[in-house]
$ cat upload09.tsv   # TSV, C-alpha atoms
chain	number	residue	atom	x	y	z
A	1	MET	CA	85.50	75.36	137.24
A	2	GLU	CA	82.82	73.59	135.21
A	3	LYS	CA	83.76	70.00	134.37
A	4	LEU	CA	82.53	68.61	131.06
A	5	PRO	CA	83.14	65.21	129.42
A	6	GLU	CA	86.85	64.76	128.65
A	7	ARG	CA	86.09	63.54	125.14
A	8	LEU	CA	84.83	67.00	124.20
A	9	GLN	CA	87.50	69.11	122.53
A	10	THR	CA	87.49	72.66	123.94
A	11	PRO	CA	83.78	72.84	124.82
A	12	ILE	CA	82.02	76.17	125.18
A	13	SER	CA	81.01	76.85	128.78
A	14	THR	CA	77.43	76.17	129.81
A	15	ALA	CA	77.22	79.81	130.93
A	16	GLU	CA	78.01	80.90	127.36
A	17	LEU	CA	75.37	78.57	125.93
A	18	GLU	CA	72.84	79.91	128.42
A	19	ARG	CA	73.71	83.47	127.38
A	20	ARG	CA	72.97	82.59	123.75
A	21	TRP	CA	69.74	80.80	124.58
A	22	ALA	CA	68.47	83.70	126.69
A	23	ALA	CA	69.28	86.26	124.00
A	24	VAL	CA	67.57	84.24	121.28
A	25	ARG	CA	64.50	83.51	123.42
A	26	ALA	CA	64.11	87.21	124.18
A	27	ALA	CA	64.18	87.91	120.44
A	28	MET	CA	61.67	85.11	119.81
A	29	GLU	CA	59.37	86.67	122.39
A	30	ARG	CA	59.54	90.01	120.58
A	31	GLU	CA	58.83	88.34	117.22
A	32	LYS	CA	56.08	86.05	118.61
A	33	ILE	CA	57.90	82.89	117.48
A	34	ASP	CA	57.08	79.70	119.39
A	35	ALA	CA	59.97	77.52	118.22
A	36	LEU	CA	62.95	77.64	115.90
A	37	LEU	CA	63.85	74.87	113.47
A	38	MET	CA	67.35	74.50	112.02
A	39	GLN	CA	69.28	71.81	110.20
A	40	ASN	CA	72.91	71.65	109.05
A	41	ASN	CA	74.99	68.83	107.62
A	42	ASN	CA	78.57	70.18	107.72
A	43	ASP	CA	80.84	72.31	109.88
A	44	TYR	CA	82.22	74.50	107.10
A	45	MET	CA	79.09	76.61	106.69
A	46	GLY	CA	76.76	74.83	109.08
A	47	GLY	CA	77.33	76.72	112.28
A	48	TYR	CA	73.75	77.33	113.41
A	49	VAL	CA	73.33	74.00	115.18
A	50	LYS	CA	76.80	74.41	116.69
A	51	TYR	CA	75.80	77.83	118.04
A	52	PHE	CA	72.84	76.37	119.94
A	53	THR	CA	74.27	73.00	121.01
A	54	ASP	CA	78.09	73.28	120.88
A	55	LEU	CA	77.93	70.16	118.68
A	56	PRO	CA	79.02	70.27	115.03
A	57	ALA	CA	77.16	68.87	112.05
A	58	THR	CA	79.62	66.71	110.11
A	59	ASN	CA	80.16	64.46	107.09
A	60	GLY	CA	76.97	65.39	105.26
A	61	TYR	CA	74.80	63.84	108.02
A	62	PRO	CA	71.85	66.10	108.90
A	63	LEU	CA	71.76	67.45	112.44
A	64	THR	CA	68.34	68.93	113.18
A	65	VAL	CA	67.51	71.11	116.17
A	66	VAL	CA	64.15	72.30	117.49
A	67	PHE	CA	64.64	75.23	119.85
A	68	PRO	CA	61.43	76.18	121.70
A	69	ARG	CA	60.89	79.54	123.32
A	70	ASP	CA	59.56	77.91	126.48
A	71	ASP	CA	61.27	74.51	126.75
A	72	LEU	CA	64.49	72.55	126.21
A	73	MET	CA	65.61	71.45	122.77
A	74	THR	CA	64.92	68.41	120.61
A	75	MET	CA	67.87	67.14	118.57
A	76	VAL	CA	67.71	64.68	115.66
A	77	SER	CA	70.95	63.11	114.43
A	78	GLN	CA	72.51	60.11	112.72
A	79	GLY	CA	72.09	56.86	114.64
A	80	PRO	CA	70.03	53.69	114.92
A	81	PHE	CA	66.33	53.46	114.20
A	82	GLY	CA	64.31	54.27	117.29
A	83	GLY	CA	67.12	55.90	119.24
A	84	ALA	CA	65.59	58.10	121.96
A	85	SER	CA	66.92	59.55	125.19
A	86	ASN	CA	66.57	62.50	127.55
A	87	PRO	CA	70.06	64.00	127.97
A	88	ALA	CA	68.84	66.69	130.40
A	89	ALA	CA	67.39	64.09	132.78
A	90	SER	CA	70.40	61.77	132.56
A	91	GLY	CA	72.95	64.50	133.18
A	92	ASP	CA	74.55	64.10	129.75
A	93	GLY	CA	77.13	66.90	129.70
A	94	THR	CA	77.58	66.56	125.95
A	95	ARG	CA	74.02	67.45	124.85
A	96	ARG	CA	73.35	70.36	127.14
A	97	GLY	CA	69.93	71.98	126.95
A	98	VAL	CA	68.48	68.97	125.10
A	99	LYS	CA	65.54	67.07	126.56
A	100	GLN	CA	64.88	64.80	123.57
A	101	TRP	CA	67.62	63.23	121.45
A	102	LEU	CA	66.26	61.16	118.59
A	103	THR	CA	68.29	59.21	116.01
A	104	THR	CA	67.70	57.74	112.57
A	105	PRO	CA	70.02	56.24	109.93
A	106	SER	CA	69.14	58.63	107.10
A	107	PHE	CA	71.50	59.47	104.24
A	108	VAL	CA	71.15	62.35	101.79
A	109	SER	CA	72.58	60.06	99.11
A	110	CYS	CA	69.64	57.66	99.58
A	111	ASN	CA	66.56	59.61	98.60
A	112	TYR	CA	64.03	57.21	100.07
A	113	THR	CA	65.27	58.19	103.55
A	114	ALA	CA	64.54	61.89	102.93
A	115	ASN	CA	61.64	62.09	105.39
A	116	TYR	CA	63.24	60.15	108.26
A	117	ASP	CA	64.70	63.25	109.96
A	118	ALA	CA	61.54	65.25	109.30
A	119	GLU	CA	59.36	62.63	111.00
A	120	LEU	CA	61.44	62.91	114.16
A	121	ALA	CA	61.67	66.72	114.02
A	122	ALA	CA	57.86	66.74	113.94
A	123	LYS	CA	57.84	65.13	117.38
A	124	GLY	CA	59.74	68.04	118.82
A	125	LEU	CA	57.54	70.56	117.03
A	126	GLU	CA	54.25	68.87	117.91
A	127	PRO	CA	53.41	71.21	120.84
A	128	TYR	CA	53.67	74.20	118.48
A	129	ALA	CA	51.37	72.98	115.71
A	130	GLY	CA	49.06	75.84	114.83
A	131	GLY	CA	51.55	78.38	116.22
A	132	THR	CA	54.56	80.10	114.65
A	133	ILE	CA	57.72	78.22	113.73
A	134	GLY	CA	60.83	80.14	112.70
A	135	LEU	CA	63.07	78.55	110.06
A	136	VAL	CA	66.76	79.32	110.59
A	137	CYS	CA	68.92	79.39	107.44
A	138	THR	CA	66.62	77.76	104.90
A	139	ALA	CA	69.59	77.52	102.51
A	140	GLY	CA	71.19	75.06	104.93
A	141	MET	CA	68.24	72.72	105.47
A	142	SER	CA	66.78	70.13	103.16
A	143	PHE	CA	63.70	70.77	101.05
A	144	ALA	CA	62.40	67.42	102.29
A	145	LEU	CA	62.36	68.62	105.91
A	146	VAL	CA	60.24	71.72	105.36
A	147	ASP	CA	58.06	70.15	102.66
A	148	TYR	CA	57.14	67.26	104.96
A	149	LEU	CA	56.18	69.57	107.82
A	150	GLN	CA	54.20	72.07	105.78
A	151	LYS	CA	52.18	69.41	103.96
A	152	GLY	CA	51.45	67.27	107.00
A	153	ARG	CA	50.57	67.89	110.64
A	154	PHE	CA	51.73	71.52	110.44
A	155	SER	CA	49.69	72.64	107.45
A	156	ASN	CA	47.83	75.06	109.74
A	157	THR	CA	51.08	76.41	111.23
A	158	ARG	CA	52.69	79.73	110.36
A	159	PHE	CA	56.26	79.35	109.14
A	160	VAL	CA	58.51	82.42	109.08
A	161	ASP	CA	62.13	83.01	108.17
A	162	ALA	CA	63.87	83.62	111.49
A	163	THR	CA	67.44	83.68	110.19
A	164	ASP	CA	67.91	87.38	110.86
A	165	VAL	CA	66.65	86.89	114.42
A	166	VAL	CA	69.59	84.57	115.07
A	167	ASP	CA	72.16	86.30	112.85
A	168	ASN	CA	71.78	89.64	114.58
A	169	ILE	CA	72.76	87.94	117.85
A	170	ARG	CA	75.48	85.52	116.80
A	171	VAL	CA	77.52	88.00	114.72
A	172	ILE	CA	78.37	89.84	117.95
A	173	LYS	CA	81.09	87.86	119.68
A	174	SER	CA	81.14	87.44	123.45
A	175	ALA	CA	84.33	87.63	125.49
A	176	GLU	CA	84.55	83.82	125.53
A	177	GLU	CA	84.08	83.64	121.77
A	178	GLN	CA	86.68	86.33	121.19
A	179	ASP	CA	89.20	84.36	123.22
A	180	LEU	CA	88.60	81.31	121.02
A	181	ILE	CA	88.95	83.44	117.89
A	182	ARG	CA	92.34	84.67	119.10
A	183	ARG	CA	93.41	81.09	119.77
A	184	THR	CA	92.43	80.13	116.23
A	185	ALA	CA	94.50	82.95	114.75
A	186	ALA	CA	97.54	81.91	116.82
A	187	MET	CA	97.10	78.31	115.70
A	188	GLN	CA	97.06	79.40	112.05
A	189	ASP	CA	100.24	81.43	112.53
A	190	GLY	CA	101.95	78.21	113.59
A	191	ALA	CA	100.45	76.25	110.70
A	192	MET	CA	101.70	78.79	108.16
A	193	ARG	CA	105.20	78.76	109.67
A	194	ALA	CA	105.31	74.96	109.60
A	195	ALA	CA	104.08	74.79	106.01
A	196	PHE	CA	106.47	77.40	104.63
A	197	ALA	CA	109.40	75.82	106.49
A	198	ALA	CA	108.73	72.59	104.57
A	199	VAL	CA	108.50	74.07	101.06
A	200	GLU	CA	111.14	72.77	98.69
A	201	PRO	CA	111.38	71.77	95.01
A	202	GLY	CA	110.02	68.30	94.34
A	203	LEU	CA	107.14	68.41	96.81
A	204	ARG	CA	103.60	68.77	95.54
A	205	ASP	CA	101.17	71.49	96.55
A	206	ARG	CA	99.14	68.94	98.49
A	207	ASP	CA	102.17	68.09	100.63
A	208	ILE	CA	102.38	71.69	101.87
A	209	ALA	CA	98.63	71.86	102.50
A	210	ALA	CA	98.85	68.59	104.44
A	211	ILE	CA	101.55	70.00	106.73
A	212	ALA	CA	99.35	73.01	107.54
A	213	GLN	CA	96.42	70.70	108.21
A	214	CYS	CA	98.45	68.38	110.43
A	215	TYR	CA	99.78	71.27	112.51
A	216	SER	CA	96.29	72.70	112.94
A	217	GLN	CA	94.72	69.42	113.97
A	218	ARG	CA	97.49	68.76	116.48
A	219	HIS	CA	96.78	72.19	117.99
A	220	GLY	CA	93.02	71.86	118.37
A	221	SER	CA	91.50	72.52	114.96
A	222	GLU	CA	88.09	70.94	114.40
A	223	ASN	CA	87.69	71.40	110.63
A	224	GLY	CA	88.68	73.59	107.71
A	225	ILE	CA	90.13	74.04	104.25
A	226	TYR	CA	93.72	74.42	103.10
A	227	LEU	CA	93.97	76.02	99.66
A	228	CYS	CA	97.35	75.91	97.98
A	229	ALA	CA	98.89	76.55	94.57
A	230	SER	CA	102.46	76.86	93.34
A	231	MET	CA	103.09	78.75	90.12
A	232	PRO	CA	105.95	79.85	87.88
A	233	THR	CA	106.79	83.55	88.13
A	234	ASP	CA	105.13	84.31	84.76
A	235	GLN	CA	102.01	82.14	85.19
A	236	PRO	CA	99.79	83.40	88.07
A	237	ALA	CA	97.16	80.95	89.30
A	238	GLN	CA	94.42	80.85	91.92
A	239	PHE	CA	95.03	78.71	95.00
A	240	SER	CA	92.66	75.74	95.04
A	241	GLN	CA	91.25	72.72	96.85
A	242	ARG	CA	93.00	69.35	97.13
A	243	HIS	CA	91.70	68.10	93.76
A	244	TYR	CA	93.87	70.77	92.09
A	245	GLN	CA	96.98	70.40	94.29
A	246	ASN	CA	98.98	67.89	92.24
A	247	ARG	CA	101.56	70.30	90.77
A	248	VAL	CA	105.24	69.69	91.65
A	249	ILE	CA	106.95	72.73	93.16
A	250	GLN	CA	109.95	74.05	91.18
A	251	LYS	CA	112.82	76.35	92.09
A	252	GLY	CA	111.81	79.97	91.52
A	253	ASP	CA	108.08	79.28	92.03
A	254	THR	CA	105.69	81.37	94.02
A	255	LEU	CA	103.40	79.41	96.35
A	256	ALA	CA	100.15	80.78	97.80
A	257	LEU	CA	98.63	79.14	100.88
A	258	LEU	CA	95.34	79.83	102.63
A	259	VAL	CA	94.79	78.27	106.06
A	260	GLU	CA	91.07	78.67	106.75
A	261	ASP	CA	90.21	76.34	109.58
A	262	SER	CA	88.41	76.41	112.88
A	263	GLY	CA	90.47	76.36	116.03
A	264	PRO	CA	89.86	75.07	119.54
A	265	GLY	CA	86.15	75.57	120.18
A	266	GLY	CA	85.16	75.68	116.52
A	267	MET	CA	85.62	79.37	115.66
A	268	TYR	CA	87.03	80.26	112.23
A	269	THR	CA	89.63	82.77	111.15
A	270	GLU	CA	91.80	82.63	108.03
A	271	LEU	CA	95.41	83.43	107.21
A	272	GLY	CA	96.76	83.81	103.67
A	273	ARG	CA	100.31	84.45	102.46
A	274	SER	CA	102.67	83.69	99.60
A	275	CYS	CA	106.26	82.51	99.59
A	276	VAL	CA	108.89	82.33	96.86
A	277	VAL	CA	111.31	79.46	96.36
A	278	GLY	CA	114.14	81.89	95.81
A	279	LYS	CA	114.01	85.69	95.60
A	280	ALA	CA	110.81	87.64	95.05
A	281	SER	CA	110.73	89.81	91.94
A	282	ASP	CA	110.19	93.55	92.10
A	283	GLU	CA	106.75	92.99	90.56
A	284	ILE	CA	105.75	90.58	93.33
A	285	LYS	CA	106.99	92.98	96.01
A	286	GLU	CA	105.20	95.93	94.41
A	287	GLU	CA	101.88	94.15	94.17
A	288	PHE	CA	102.10	92.83	97.71
A	289	ALA	CA	102.75	96.37	98.93
A	290	PHE	CA	99.62	97.48	97.11
A	291	ALA	CA	97.58	94.62	98.62
A	292	LEU	CA	98.60	95.94	102.04
A	293	GLU	CA	97.48	99.43	101.03
A	294	ALA	CA	94.15	98.08	99.75
A	295	ARG	CA	93.61	96.28	103.03
A	296	LYS	CA	94.53	99.40	105.02
A	297	PHE	CA	92.04	101.43	102.99
A	298	ASN	CA	89.31	98.84	103.60
A	299	LEU	CA	90.05	98.66	107.33
A	300	GLY	CA	89.58	102.41	107.57
A	301	LEU	CA	86.00	101.96	106.40
A	302	LEU	CA	85.02	99.26	108.93
A	303	LYS	CA	83.48	101.57	111.51
A	304	PRO	CA	80.49	100.59	113.65
A	305	GLY	CA	77.36	101.78	111.86
A	306	ALA	CA	78.93	101.68	108.38
A	307	ALA	CA	76.80	100.11	105.65
A	308	CYS	CA	78.44	97.15	103.91
A	309	LYS	CA	77.31	98.28	100.46
A	310	ASP	CA	79.01	101.65	100.99
A	311	ILE	CA	82.26	100.00	102.07
A	312	PHE	CA	82.16	97.74	99.02
A	313	ALA	CA	81.53	100.64	96.65
A	314	ALA	CA	84.37	102.69	98.15
A	315	TYR	CA	86.77	99.74	98.03
A	316	ASN	CA	86.08	99.04	94.35
A	317	ASP	CA	86.44	102.74	93.55
A	318	PHE	CA	89.86	102.63	95.25
A	319	MET	CA	90.85	99.58	93.17
A	320	ARG	CA	89.73	101.19	89.90
A	321	LYS	CA	91.55	104.44	90.60
A	322	ASN	CA	94.74	102.49	91.25
A	323	GLY	CA	94.48	100.38	88.11
A	324	ARG	CA	93.64	97.13	89.86
A	325	PRO	CA	90.72	94.76	89.19
A	326	GLU	CA	87.45	95.35	91.02
A	327	GLU	CA	86.24	92.74	93.50
A	328	LYS	CA	83.59	90.57	91.84
A	329	ARG	CA	83.13	87.97	94.57
A	330	LEU	CA	84.06	88.65	98.22
A	331	HIS	CA	87.10	90.36	99.75
A	332	CYS	CA	85.92	90.97	103.32
A	333	HIS	CA	83.39	89.22	105.56
A	334	GLY	CA	82.47	88.00	109.02
A	335	GLN	CA	83.51	84.69	110.54
A	336	GLY	CA	82.46	82.60	113.52
A	337	TYR	CA	81.23	79.02	113.46
A	338	ASP	CA	81.05	79.40	109.67
A	339	LEU	CA	84.10	80.04	107.54
A	340	VAL	CA	81.96	82.60	105.71
A	341	GLU	CA	79.52	84.35	108.01
A	342	ARG	CA	77.62	87.59	107.81
A	343	PRO	CA	78.16	90.39	107.29
A	344	LEU	CA	79.46	90.19	103.72
A	345	ILE	CA	81.15	93.40	102.62
A	346	ARG	CA	79.19	93.53	99.40
A	347	SER	CA	76.42	95.46	97.68
A	348	ASP	CA	73.74	92.89	98.57
A	349	GLU	CA	74.34	92.84	102.37
A	350	PRO	CA	71.76	94.80	104.43
A	351	MET	CA	73.63	94.35	107.73
A	352	LYS	CA	75.86	97.10	109.10
A	353	ILE	CA	79.22	96.84	110.85
A	354	GLU	CA	78.98	96.52	114.64
A	355	GLU	CA	81.38	96.40	117.54
A	356	ASP	CA	82.65	92.91	118.50
A	357	MET	CA	82.29	91.40	115.04
A	358	ASN	CA	85.06	89.08	113.80
A	359	ILE	CA	85.99	90.32	110.32
A	360	VAL	CA	88.52	88.93	107.84
A	361	VAL	CA	89.96	91.16	105.11
A	362	HIS	CA	91.58	89.50	102.08
A	363	PRO	CA	92.08	91.68	98.99
A	364	THR	CA	92.98	89.25	96.21
A	365	TYR	CA	93.57	89.86	92.52
A	366	ILE	CA	95.70	88.90	89.52
A	367	ARG	CA	97.54	91.67	87.69
A	368	GLY	CA	100.31	91.17	85.17
A	369	HIS	CA	102.34	88.14	86.24
A	370	VAL	CA	101.30	88.20	89.88
A	371	LEU	CA	98.62	86.74	92.12
A	372	SER	CA	98.57	89.36	94.86
A	373	TRP	CA	96.85	89.01	98.19
A	374	VAL	CA	97.03	89.23	101.96
A	375	CYS	CA	94.57	87.79	104.49
A	376	ASP	CA	94.13	88.44	108.23
A	377	ASN	CA	91.38	88.78	110.86
A	378	TYR	CA	90.35	91.71	113.04
A	379	LEU	CA	87.89	92.26	115.86
A	380	ILE	CA	85.82	95.41	115.48
A	381	GLY	CA	86.20	97.86	118.36
A	382	ALA	CA	84.29	101.00	119.24
A	383	ASN	CA	86.25	102.99	116.65
A	384	GLY	CA	86.81	100.28	114.07
A	385	PRO	CA	89.21	97.33	113.71
A	386	GLY	CA	91.51	96.68	116.64
A	387	GLU	CA	94.86	94.99	116.32
A	388	ARG	CA	95.54	92.38	113.68
A	389	LEU	CA	94.77	89.02	115.30
A	390	HIS	CA	97.34	87.07	113.29
A	391	ARG	CA	101.02	87.63	114.04
A	392	PHE	CA	102.51	86.05	110.93
A	393	PRO	CA	104.77	88.60	109.18
A	394	GLU	CA	103.14	90.89	106.63
A	395	ALA	CA	105.63	90.01	103.96
A	396	ILE	CA	106.44	87.70	101.06
A	397	THR	CA	108.50	84.87	102.55
A	398	GLU	CA	111.67	84.10	100.59
A	399	LEU	CA	113.05	80.57	100.96
$ encode --input "upload09.tsv" --output "structure tokens"
Amino acid sequence: MEKLPERLQTPISTAELERRWAAVRAAMEREKIDALLMQNNNDYMGGYVKYFTDLPATNGYPLTVVFPRDDLMTMVSQGPFGGASNPAASGDGTRRGVKQWLTTPSFVSCNYTANYDAELAAKGLEPYAGGTIGLVCTAGMSFALVDYLQKGRFSNTRFVDATDVVDNIRVIKSAEEQDLIRRTAAMQDGAMRAAFAAVEPGLRDRDIAAIAQCYSQRHGSENGIYLCASMPTDQPAQFSQRHYQNRVIQKGDTLALLVEDSGPGGMYTELGRSCVVGKASDEIKEEFAFALEARKFNLGLLKPGAACKDIFAAYNDFMRKNGRPEEKRLHCHGQGYDLVERPLIRSDEPMKIEEDMNIVVHPTYIRGHVLSWVCDNYLIGANGPGERLHRFPEAITEL
């Protein structure tokens, strides 16, 4: 068995990384792209650098990766001025596939450092000046990075958007990735059980979210969000981030909790349920039963080859016909190293459903006095969604 540094938490195997690199390089060859450039600064929706390096971008610090078609990678990260090493030559098992690791103490909050990362990225891109450089997820990289390159040494270089080149590969989950996804779902089942077991009048919403977070981190989670909101039976509210989790839980309240975190290895799933501090009303039970029906209807549409815009249109038609609000944001989407990953089940998504995608379905709406929802993950099989990955009961928990 491959032995990697013990400080790494659930590292991806080198064989899996090599599979990804080979698939991307074959696509680069077809598209005549000499090198890819990517940059992320968080591990919520910054999974591109993680996909190539098995290292997360964190804390708002830029992590920049140059991925050549014909050579090992260059990585630029937070660190001292002048930091430079060759991990491949030194046998560094942490930065696999990297021949040049450069560091700089740049900070996005200090604008005068904006070009520091770009200057180092240019060193990795130097052999490809005058060629074709593919930008991966321009929405996730700084303007300063691309502006510096295009106006300087690479003004004669062709820049193309290569996001689809990578997305079309990474949305299909390998056997190793699927195993990690299942482990994440199991971890979230435990986090939800621990959180609901602790709910009692007098605690604040943030206390329940903290219990879910603690359980997850003790069972291998790398990052994530924990949205929580308690509400009186006649005052439905959306679950929210920590800034909005100050309310004190009262007897008779409904509490909604979303555990959307990455598990061992960094793959995301998400689990969402509600509990009642007492007995659930008939209205709550009725709307939860409908949420299950809405999810079942949506799952029936997730067949390989199905167009996302068609699924979205059919889902909203189902909601209208049943007197429920249409989806105006996002009720179903892919997940992987990003908590929201393509495909989005929405009218603006050109991608189609494919086998071995990791898809979460979470119909959510407010009707009458009830916030109604249910949230679970599925892997797409040859004929559509397989079994539900989460095992937490499909029910309103009464405490």
$ closest_residue --input "upload09.tsv" --among "A:Leu292, A:Leu120, A:Ala88, A:Ala57" --to "Val76 (chain A)" --atoms "only C-alpha atoms"
A:Leu120
$ closest_residue --input "upload09.tsv" --among "A:Ala212, A:Leu135, A:Ala89, A:Trp101" --to "Met73 (chain A)" --atoms "all atoms listed in the file"
A:Trp101
$ residues_near_point --input "upload09.tsv" --point "(72.6, 82.1, 127.6)" --cutoff "12 Å" --atoms "all atoms listed in the file" --output "VMD selection string"
chain A and resid 12 to 26 51 to 53 96 to 97 169 to 170 174
$ closest_atom_pairs --input "upload09.tsv" --of "region 229-304 of chain A" --to "region 383-399 of chain A" --cutoff "12 Å" --atoms "only C-alpha atoms" --output "CSV"
residue,atom,partner,partner_atom,distance
A:Lys251,CA,A:Leu399,CA,9.8
A:Gly252,CA,A:Leu399,CA,9.5
A:Asp253,CA,A:Leu399,CA,10.3
A:Thr254,CA,A:Glu398,CA,9.3
A:Leu255,CA,A:Thr397,CA,9.7
A:Ala256,CA,A:Ile396,CA,9.9
A:Leu257,CA,A:Thr397,CA,11.5
A:Val259,CA,A:His390,CA,11.7
A:Thr269,CA,A:His390,CA,9.1
A:Glu270,CA,A:His390,CA,8.8
A:Leu271,CA,A:His390,CA,7.3
A:Gly272,CA,A:Phe392,CA,9.5
A:Arg273,CA,A:Ile396,CA,7.1
A:Ser274,CA,A:Ile396,CA,5.7
A:Cys275,CA,A:Thr397,CA,4.4
A:Val276,CA,A:Glu398,CA,5.0
A:Val277,CA,A:Leu399,CA,5.0
A:Gly278,CA,A:Leu399,CA,5.4
A:Lys279,CA,A:Glu398,CA,5.7
A:Ala280,CA,A:Glu398,CA,6.6
A:Ser281,CA,A:Ile396,CA,10.3
A:Asp282,CA,A:Ile396,CA,11.3
A:Glu283,CA,A:Ile396,CA,11.8
A:Ile284,CA,A:Ile396,CA,8.3
A:Lys285,CA,A:Ile396,CA,7.3
A:Glu286,CA,A:Ile396,CA,10.7
A:Glu287,CA,A:Ile396,CA,10.5
A:Phe288,CA,A:Ile396,CA,7.5
A:Ala289,CA,A:Ala395,CA,8.6
A:Phe290,CA,A:Ala395,CA,11.8
A:Ala291,CA,A:Glu394,CA,10.4
A:Leu292,CA,A:Glu394,CA,8.2
A:Glu293,CA,A:Glu394,CA,11.7
A:Arg295,CA,A:Arg388,CA,11.5
A:Lys296,CA,A:Pro385,CA,10.4
A:Phe297,CA,A:Pro385,CA,11.8
A:Asn298,CA,A:Pro385,CA,10.2
A:Leu299,CA,A:Pro385,CA,6.6
A:Gly300,CA,A:Gly384,CA,7.4
A:Leu301,CA,A:Gly384,CA,7.9
A:Leu302,CA,A:Gly384,CA,5.5
A:Lys303,CA,A:Gly384,CA,4.4
A:Pro304,CA,A:Gly384,CA,6.3
$ closest_residue --input "upload09.tsv" --among "A:Arg153, A:Lys352, A:Arg7, A:Lys123" --to "Val65 (chain A)" --atoms "only C-alpha atoms"
A:Lys123
$ closest_atom_pairs --input "upload09.tsv" --of "region 255-305 of chain A" --to "region 331-350 of chain A" --cutoff "7 Å" --atoms "all atoms listed in the file" --output "JSON lines"
{"residue": "A:Gly266", "atom": "CA", "partner": "A:Tyr337", "partner_atom": "CA", "distance": 6.0}
{"residue": "A:Met267", "atom": "CA", "partner": "A:Tyr337", "partner_atom": "CA", "distance": 4.9}
{"residue": "A:Tyr268", "atom": "CA", "partner": "A:Gly336", "partner_atom": "CA", "distance": 5.3}
{"residue": "A:Thr269", "atom": "CA", "partner": "A:Gln335", "partner_atom": "CA", "distance": 6.4}
$ atom_distance --input "upload09.tsv" --atom1 "CA of Lys309 (chain A)" --atom2 "CA of Met351 (chain A)"
9.0 Å
$ residues_around --input "upload09.tsv" --residues "Ser240 (chain A)" --least-positions-apart "5" --cutoff "12 Å" --atoms "only C-alpha atoms" --output "PyMOL selection string"
chain A and resi 205-206+209+225-231+245-247+255-259
$ write_last_selection --input "upload09.tsv" --atoms "C-alpha atoms" --output "PDB file, keeping the file's coordinate frame"
ATOM      1  CA  ASP A 205     101.170  71.490  96.550  1.00  0.00           C
ATOM      2  CA  ARG A 206      99.140  68.940  98.490  1.00  0.00           C
ATOM      3  CA  ALA A 209      98.630  71.860 102.500  1.00  0.00           C
ATOM      4  CA  ILE A 225      90.130  74.040 104.250  1.00  0.00           C
ATOM      5  CA  TYR A 226      93.720  74.420 103.100  1.00  0.00           C
ATOM      6  CA  LEU A 227      93.970  76.020  99.660  1.00  0.00           C
ATOM      7  CA  CYS A 228      97.350  75.910  97.980  1.00  0.00           C
ATOM      8  CA  ALA A 229      98.890  76.550  94.570  1.00  0.00           C
ATOM      9  CA  SER A 230     102.460  76.860  93.340  1.00  0.00           C
ATOM     10  CA  MET A 231     103.090  78.750  90.120  1.00  0.00           C
ATOM     11  CA  GLN A 245      96.980  70.400  94.290  1.00  0.00           C
ATOM     12  CA  ASN A 246      98.980  67.890  92.240  1.00  0.00           C
ATOM     13  CA  ARG A 247     101.560  70.300  90.770  1.00  0.00           C
ATOM     14  CA  LEU A 255     103.400  79.410  96.350  1.00  0.00           C
ATOM     15  CA  ALA A 256     100.150  80.780  97.800  1.00  0.00           C
ATOM     16  CA  LEU A 257      98.630  79.140 100.880  1.00  0.00           C
ATOM     17  CA  LEU A 258      95.340  79.830 102.630  1.00  0.00           C
ATOM     18  CA  VAL A 259      94.790  78.270 106.060  1.00  0.00           C
TER      19      VAL A 259
END
$ atom_distance --input "upload09.tsv" --atom1 "CA of Asp117 (chain A)" --atom2 "CA of Val166 (chain A)"
22.5 Å
$ atom_distance --input "upload09.tsv" --atom1 "CA of Leu180 (chain A)" --atom2 "CA of Arg69 (chain A)"
27.9 Å
$ closest_residue --input "upload09.tsv" --among "A:Leu379, A:Thr157, A:Ala129, A:Glu260" --to "Asp189 (chain A)" --atoms "only C-alpha atoms"
A:Glu260
$ residues_around --input "upload09.tsv" --residues "Pro87 (chain A)" --least-positions-apart "2" --cutoff "9 Å" --atoms "all atoms listed in the file" --output "VMD selection string"
chain A and resid 85 89 to 101
$ residues_around --input "upload09.tsv" --residues "Phe159 (chain A)" --least-positions-apart "3" --cutoff "9 Å" --atoms "only C-alpha atoms" --output "list in words"
Gly131, Thr132, Ile133, Gly134, Leu135 and Gln150 of chain A
$ closest_residue --input "upload09.tsv" --among "A:Pro201, A:Thr138, A:Met357, A:Gly220" --to "Pro11 (chain A)" --atoms "all atoms listed in the file"
A:Gly220
$ residues_around --input "upload09.tsv" --residues "Ser106 (chain A)" --least-positions-apart "6" --cutoff "8 Å" --atoms "all atoms listed in the file" --output "number ranges by chain"
A: 61, 78, 113-114, 116-117
$ residues_around --input "upload09.tsv" --residues "Asn223 (chain A)" --least-positions-apart "4" --cutoff "7 Å" --atoms "all atoms listed in the file" --output "mmCIF file with C-alpha atoms, keeping the file's coordinate frame"
data_model
loop_
_atom_site.group_PDB
_atom_site.id
_atom_site.type_symbol
_atom_site.label_atom_id
_atom_site.label_comp_id
_atom_site.auth_asym_id
_atom_site.auth_seq_id
_atom_site.Cartn_x
_atom_site.Cartn_y
_atom_site.Cartn_z
ATOM 1 C CA ASP A 43 80.840 72.310 109.880
ATOM 2 C CA ASP A 261 90.210 76.340 109.580
ATOM 3 C CA SER A 262 88.410 76.410 112.880
#
$ closest_residue --input "upload09.tsv" --among "A:Gly202, A:Glu177, A:Gln39, A:Val361" --to "Asn377 (chain A)" --atoms "all atoms listed in the file"
A:Val361
